[in-house]
Amino acid sequence: MDEAPQDWSPVERRLWGTFSRSDICDLSAGDPVLDDPAKGGDWGLERTVRADVLARLLLAGPEPEPGRVRGLKLVGARITGRLWLAGGRFESFVELHDCHFDTGAVLSEAHAGTVRIDGCWLPRLDASRLDTAGDLVLARCTVPYGVRLTDAQIGTDLIANYLTVGADQYGRGFSADGLTVHQDFEADRLECDGELSLRTARVGGRLSLRGAQLHGRAGKPNCFNAARLSVGSTFYLTGWRDPRTVTAVGRTPQSSESAEAVEATAAAEAAALAQANNVPDIRYSRGHGNPGPYYRRGLPGQRTQGLDEDEAAEGGDGPEEPEETVYGQDFGEDPATGTPFRAFGGVRLDDARFESACLINNAEFHLEEKQELSLRRIQTPELRFTCRTPPTGTVALSRARIGNLVDIPEAWPRNHKVRLTGFAYESLRPPEGAYYTIQDRISWLDSALDKFHPEPYEQLAAALRRDGSDDDARHVLYAKQQRRARTLPLPGRFWSRLQDITVGYGYRPGRAALWLLAAWAVGTFWFTGHPPAPVKPDEHPHWNAALYAASLVLPIVNLGQDGWAPAGFGQWLSAGMVLTGWVLASTVVTGATRVLQRG
């Protein structure tokens, strides 16, 4: 059938023709205010398309014109009724821009090619077990009652940049447990009012949540639950830098205050629009107030058609700007400035795997009493934890396995709420330009641990030894014994204090050498005034008090002073010096052996 059904409206019949040629059907007015999808319920019949028409085109549409391919490309339409494509199979390219859905869309268990829903307003999207051969794009959309992508299979990229989503009846905003994305998953500047759930999800490339704002619901422990997540490249839980603040040729960089003012204005406008549309608990209108890609300078490939040279150069309404893209750019090291990643609720990444790195930088974790930033049992070659503001709750890294740990001291909580039992890492690497001493490291452990655990100290010492810092490793083990002493009962604390003063728990051989020297001096002073009687009066060595005292404190060394028999106090002093010598000399020898081995 080459003709559109007779009962279709003129707009729908026009869409029939553009679909067979994969042309763009643009119903927008060209005015950002009039074309705001959040107000699409007021659009008239000249911009209205029934959801059944879209389903008919995709599932049983006309054959393509010769030399063309089929594609649904619709801009600025009000879509009435529920778009029901559950279980359907369609390979035609789908691209919906700046559209308003009255009811929502259901793509559960559908098989599709590439689906782009950009800058649209729709109450809810249910796409569980969706299977796409290409991209799924949800950029700049507003979905007040949640997105569901449970067990979906995305053939290439999943793009959810600037997506604004509210919670469903279960308190979940973006529910994608079991999701598989074969390449990248980008959700930069995502605003999620409800739990973002990615349990057991698998991402073949990178996963980016730069500048995302996640808000948990009351009574729910987490705002982000990604237990057993698997990422084939790098995971970005970092800040986002507005490209408008970056200097370009012929442009003045926008100050941070100006950028904040832009965001505040957009938030205020969004709140008013949400109230006008009676959307409960959602402040958002659409995509932070950012216009879709077709608002400015016409359509792709037609941006300069119908304009004179000056208008074409200016884009019709202002200075030329780089064309926007929904795909992320500049995935290098995120600066400390810009919009931070913010989590208002617990973050759970237990048992997650990151093949390249897990970057947590310029991020804020606003945690309540029983909420955690949980990284238990994660595995990654590199964990970068360089936030300037420490989380307000517990940070758990129990039994995590890390290659390089890149961190700064101020990133960790100082409230004894860091869980490090079984936490293993190969090496410590401060970020570029940062430096801190071994005392900073020891202070990190002392202030982070809620009670004494020997493993974190031993793990730190082992990592320092692997880096060749044996002296620093001994400092850490010495600090471990000092921390342990504070947990002992009174007799144990007394004995531990004696060990600390005398030999430094075996990690201060210089201290033991000083005590040996003091014992030798005391013995020399005493025996100078109280020489002992010879064992054999007619056969004894020449008396030398200094050598005799040295032979007592160095019992393994024979200095030729064996023929004397002290009595009384001198006998007790001799016995004490021998015992002191055995204990302290062994400590000195052990320390000297470490130095020789290191040399």
# chains A, B, ... in the order shown; residues from 1 in each chain; ligands from 1
>>> residues_around(residues="range 441-458 of chain A", least_positions_apart="5", cutoff="9 Å", atoms="only C-alpha atoms", output="number ranges by chain")
A: 409-410, 412-424, 436, 463, 473, 475-477, 479-481, 483-484, 486-487
>>> residues_around(residues="Ser128 in chain A", least_positions_apart="6", cutoff="9 Å", atoms="only C-alpha atoms", output="short mmCIF file (atom, residue, chain, number, x, y, z; two decimals) with N, CA and C atoms, in the first residue's frame")
data_model
loop_
_atom_site.label_atom_id
_atom_site.label_comp_id
_atom_site.auth_asym_id
_atom_site.auth_seq_id
_atom_site.Cartn_x
_atom_site.Cartn_y
_atom_site.Cartn_z
N VAL A 106 5.90 2.39 25.36
CA VAL A 106 6.21 1.04 25.82
C VAL A 106 6.96 0.34 24.69
N LEU A 107 8.23 0.00 24.94
CA LEU A 107 9.06 -0.70 23.96
C LEU A 107 9.56 -2.02 24.53
N SER A 108 8.87 -2.57 25.48
CA SER A 108 9.32 -3.80 26.13
C SER A 108 9.42 -4.94 25.12
N GLU A 109 10.58 -5.64 25.16
CA GLU A 109 10.84 -6.82 24.34
C GLU A 109 10.77 -6.51 22.85
N ALA A 110 10.93 -5.23 22.49
CA ALA A 110 10.97 -4.87 21.07
C ALA A 110 12.37 -5.10 20.52
N ARG A 148 12.46 2.65 32.54
CA ARG A 148 12.74 1.26 32.85
C ARG A 148 13.42 0.60 31.67
N LEU A 149 14.67 0.13 31.91
CA LEU A 149 15.46 -0.55 30.88
C LEU A 149 15.98 -1.88 31.41
N THR A 150 15.23 -2.53 32.25
CA THR A 150 15.65 -3.78 32.86
C THR A 150 15.94 -4.83 31.78
N ASP A 151 17.14 -5.41 31.85
CA ASP A 151 17.56 -6.50 30.95
C ASP A 151 17.58 -6.08 29.48
N ALA A 152 17.65 -4.78 29.20
CA ALA A 152 17.73 -4.32 27.82
C ALA A 152 19.11 -4.64 27.23
N ALA A 176 17.54 -0.05 35.55
CA ALA A 176 18.19 -0.75 34.44
C ALA A 176 18.98 -1.95 34.95
N LEU A 179 21.01 -4.55 32.57
CA LEU A 179 21.25 -3.87 31.29
C LEU A 179 22.59 -4.29 30.69
#
>>> closest_residue(among="A:Phe341, A:Ile402, A:His530, A:Gln169", to="Ala567 in chain A", atoms="only C-alpha atoms")
A:His530
>>> atom_distance(atom1="CA of Thr156 in chain A", atom2="CA of Phe185 in chain A")
9.0 Å
>>> atom_distance(atom1="CA of Cys120 in chain A", atom2="CA of Leu207 in chain A")
23.1 Å
>>> atom_distance(atom1="CA of Ala461 in chain A", atom2="CA of Cys358 in chain A")
23.5 Å
>>> select_by_dssp(residues="range 104-189 of chain A", states="strand (DSSP E or B)", output="number ranges by chain")
A: 104-106, 111-112, 115-118, 121, 125-126, 131-132, 136-137, 142-143, 147-148, 153-154, 158-159, 164-165, 172-175, 180-181, 185-186
>>> write_last_selection(atoms="C-alpha atoms", output="CSV table (one decimal), in the first residue's frame")
chain,number,residue,atom,x,y,z
A,104,GLY,CA,4.3,7.6,27.3
A,105,ALA,CA,5.9,4.8,25.4
A,106,VAL,CA,6.2,1.0,25.8
A,111,HIS,CA,13.7,-5.4,18.5
A,112,ALA,CA,14.9,-2.2,16.9
A,115,VAL,CA,16.3,4.8,18.5
A,116,ARG,CA,16.9,8.5,19.3
A,117,ILE,CA,14.5,10.3,21.6
A,118,ASP,CA,16.1,13.7,22.1
A,121,TRP,CA,8.8,15.2,27.3
A,125,LEU,CA,9.3,5.0,29.2
A,126,ASP,CA,9.1,1.3,29.7
A,131,ASP,CA,17.1,-5.1,22.0
A,132,THR,CA,18.6,-2.5,19.7
A,136,LEU,CA,19.5,4.3,22.2
A,137,VAL,CA,19.5,8.0,22.9
A,142,THR,CA,12.2,14.7,30.8
A,143,VAL,CA,10.5,11.6,32.1
A,147,VAL,CA,12.6,5.0,32.8
A,148,ARG,CA,12.7,1.3,32.9
A,153,GLN,CA,20.4,-5.1,25.2
A,154,ILE,CA,21.9,-2.0,23.5
A,158,LEU,CA,23.3,4.4,25.4
A,159,ILE,CA,23.2,8.2,25.7
A,164,THR,CA,15.8,14.5,33.9
A,165,VAL,CA,13.8,11.6,35.4
A,172,ARG,CA,13.1,4.2,41.3
A,173,GLY,CA,13.9,6.8,38.7
A,174,PHE,CA,16.2,5.0,36.2
A,175,SER,CA,15.8,1.2,36.6
A,180,THR,CA,23.9,-4.7,28.6
A,181,VAL,CA,25.5,-1.9,26.6
A,185,PHE,CA,26.9,4.5,28.5
A,186,GLU,CA,26.9,8.2,29.0
>>> closest_residue(among="A:Pro62, A:Gly346, A:Gly239, A:Gly134", to="Leu196 in chain A", atoms="only C-alpha atoms")
A:Gly346
>>> closest_residue(among="A:Asp36, A:Leu130, A:Thr437, A:Leu209", to="Val75 in chain A", atoms="only C-alpha atoms")
A:Asp36
>>> decode(residues="range 179-192 of chain A", atoms="all heavy atoms", output="short mmCIF file (atom, residue, chain, number, x, y, z; two decimals), in the first residue's frame")
data_model
loop_
_atom_site.label_atom_id
_atom_site.label_comp_id
_atom_site.auth_asym_id
_atom_site.auth_seq_id
_atom_site.Cartn_x
_atom_site.Cartn_y
_atom_site.Cartn_z
N LEU A 179 21.01 -4.55 32.57
CA LEU A 179 21.25 -3.87 31.29
C LEU A 179 22.59 -4.29 30.69
O LEU A 179 23.57 -4.45 31.41
CB LEU A 179 21.22 -2.36 31.52
CG LEU A 179 21.68 -1.45 30.38
CD1 LEU A 179 20.63 -1.44 29.28
CD2 LEU A 179 21.95 -0.04 30.89
N THR A 180 22.62 -4.42 29.37
CA THR A 180 23.86 -4.67 28.65
C THR A 180 24.04 -3.61 27.57
O THR A 180 23.17 -3.44 26.71
CB THR A 180 23.87 -6.07 28.00
OG1 THR A 180 23.77 -7.07 29.01
CG2 THR A 180 25.17 -6.29 27.22
N VAL A 181 25.14 -2.87 27.65
CA VAL A 181 25.49 -1.86 26.64
C VAL A 181 26.81 -2.29 26.03
O VAL A 181 27.82 -2.39 26.74
CB VAL A 181 25.61 -0.46 27.26
CG1 VAL A 181 25.97 0.57 26.19
CG2 VAL A 181 24.31 -0.07 27.96
N HIS A 182 26.84 -2.55 24.75
CA HIS A 182 28.03 -3.11 24.14
C HIS A 182 29.17 -2.10 24.01
O HIS A 182 30.34 -2.50 23.96
CB HIS A 182 27.70 -3.71 22.77
CG HIS A 182 26.93 -4.99 22.86
ND1 HIS A 182 25.56 -5.03 22.99
CD2 HIS A 182 27.36 -6.28 22.88
CE1 HIS A 182 25.17 -6.29 23.05
NE2 HIS A 182 26.23 -7.06 22.99
N GLN A 183 28.86 -0.82 23.95
CA GLN A 183 29.93 0.19 23.90
C GLN A 183 29.80 1.13 25.10
O GLN A 183 29.92 0.67 26.23
CB GLN A 183 29.90 0.92 22.55
CG GLN A 183 30.25 0.01 21.38
CD GLN A 183 30.36 0.74 20.06
OE1 GLN A 183 30.54 1.95 20.00
NE2 GLN A 183 30.24 0.01 18.96
N ASP A 184 29.55 2.42 24.91
CA ASP A 184 29.59 3.39 26.00
C ASP A 184 28.20 3.69 26.54
O ASP A 184 27.21 3.68 25.80
CB ASP A 184 30.23 4.70 25.53
CG ASP A 184 31.68 4.52 25.12
OD1 ASP A 184 32.31 3.55 25.59
OD2 ASP A 184 32.18 5.35 24.33
N PHE A 185 28.16 4.00 27.83
CA PHE A 185 26.95 4.46 28.50
C PHE A 185 27.28 5.82 29.09
O PHE A 185 28.05 5.93 30.04
CB PHE A 185 26.53 3.47 29.57
CG PHE A 185 25.28 3.85 30.34
CD1 PHE A 185 24.51 4.95 29.99
CD2 PHE A 185 24.87 3.09 31.43
CE1 PHE A 185 23.36 5.30 30.69
CE2 PHE A 185 23.73 3.43 32.15
CZ PHE A 185 22.98 4.53 31.77
N GLU A 186 26.70 6.88 28.52
CA GLU A 186 26.94 8.24 28.98
C GLU A 186 25.67 8.79 29.60
O GLU A 186 24.61 8.78 28.97
CB GLU A 186 27.39 9.14 27.83
CG GLU A 186 28.74 8.76 27.25
CD GLU A 186 29.14 9.69 26.11
OE1 GLU A 186 28.49 10.75 25.97
OE2 GLU A 186 30.08 9.36 25.37
N ALA A 187 25.79 9.27 30.84
CA ALA A 187 24.67 9.91 31.53
C ALA A 187 25.18 11.17 32.23
O ALA A 187 24.90 11.40 33.41
CB ALA A 187 24.03 8.95 32.52
N ASP A 188 25.93 11.99 31.51
CA ASP A 188 26.45 13.23 32.07
C ASP A 188 25.29 14.19 32.35
O ASP A 188 24.36 14.32 31.56
CB ASP A 188 27.42 13.89 31.10
CG ASP A 188 28.66 13.05 30.86
OD1 ASP A 188 28.93 12.16 31.69
OD2 ASP A 188 29.36 13.27 29.84
N ARG A 189 25.37 14.87 33.50
CA ARG A 189 24.37 15.83 33.95
C ARG A 189 22.98 15.19 34.08
O ARG A 189 21.96 15.86 33.99
CB ARG A 189 24.30 17.04 33.03
CG ARG A 189 25.57 17.90 33.02
CD ARG A 189 25.96 18.40 34.40
NE ARG A 189 24.92 19.15 35.04
CZ ARG A 189 24.71 20.45 34.91
NH1 ARG A 189 25.52 21.15 34.12
NH2 ARG A 189 23.74 21.07 35.54
N LEU A 190 22.94 13.92 34.30
CA LEU A 190 21.68 13.24 34.61
C LEU A 190 21.12 13.79 35.92
O LEU A 190 21.85 13.98 36.89
CB LEU A 190 21.93 11.73 34.75
CG LEU A 190 20.80 10.90 35.36
CD1 LEU A 190 19.63 10.79 34.39
CD2 LEU A 190 21.30 9.51 35.74
N GLU A 191 19.81 14.06 35.95
CA GLU A 191 19.12 14.44 37.18
C GLU A 191 18.07 13.37 37.46
O GLU A 191 17.12 13.22 36.70
CB GLU A 191 18.48 15.82 37.08
CG GLU A 191 19.49 16.95 37.11
CD GLU A 191 18.92 18.22 37.72
OE1 GLU A 191 17.82 18.15 38.30
OE2 GLU A 191 19.58 19.27 37.62
N CYS A 192 18.28 12.65 38.54
CA CYS A 192 17.43 11.50 38.85
C CYS A 192 16.83 11.68 40.23
O CYS A 192 17.55 11.66 41.23
CB CYS A 192 18.26 10.21 38.77
SG CYS A 192 17.27 8.70 38.90
#
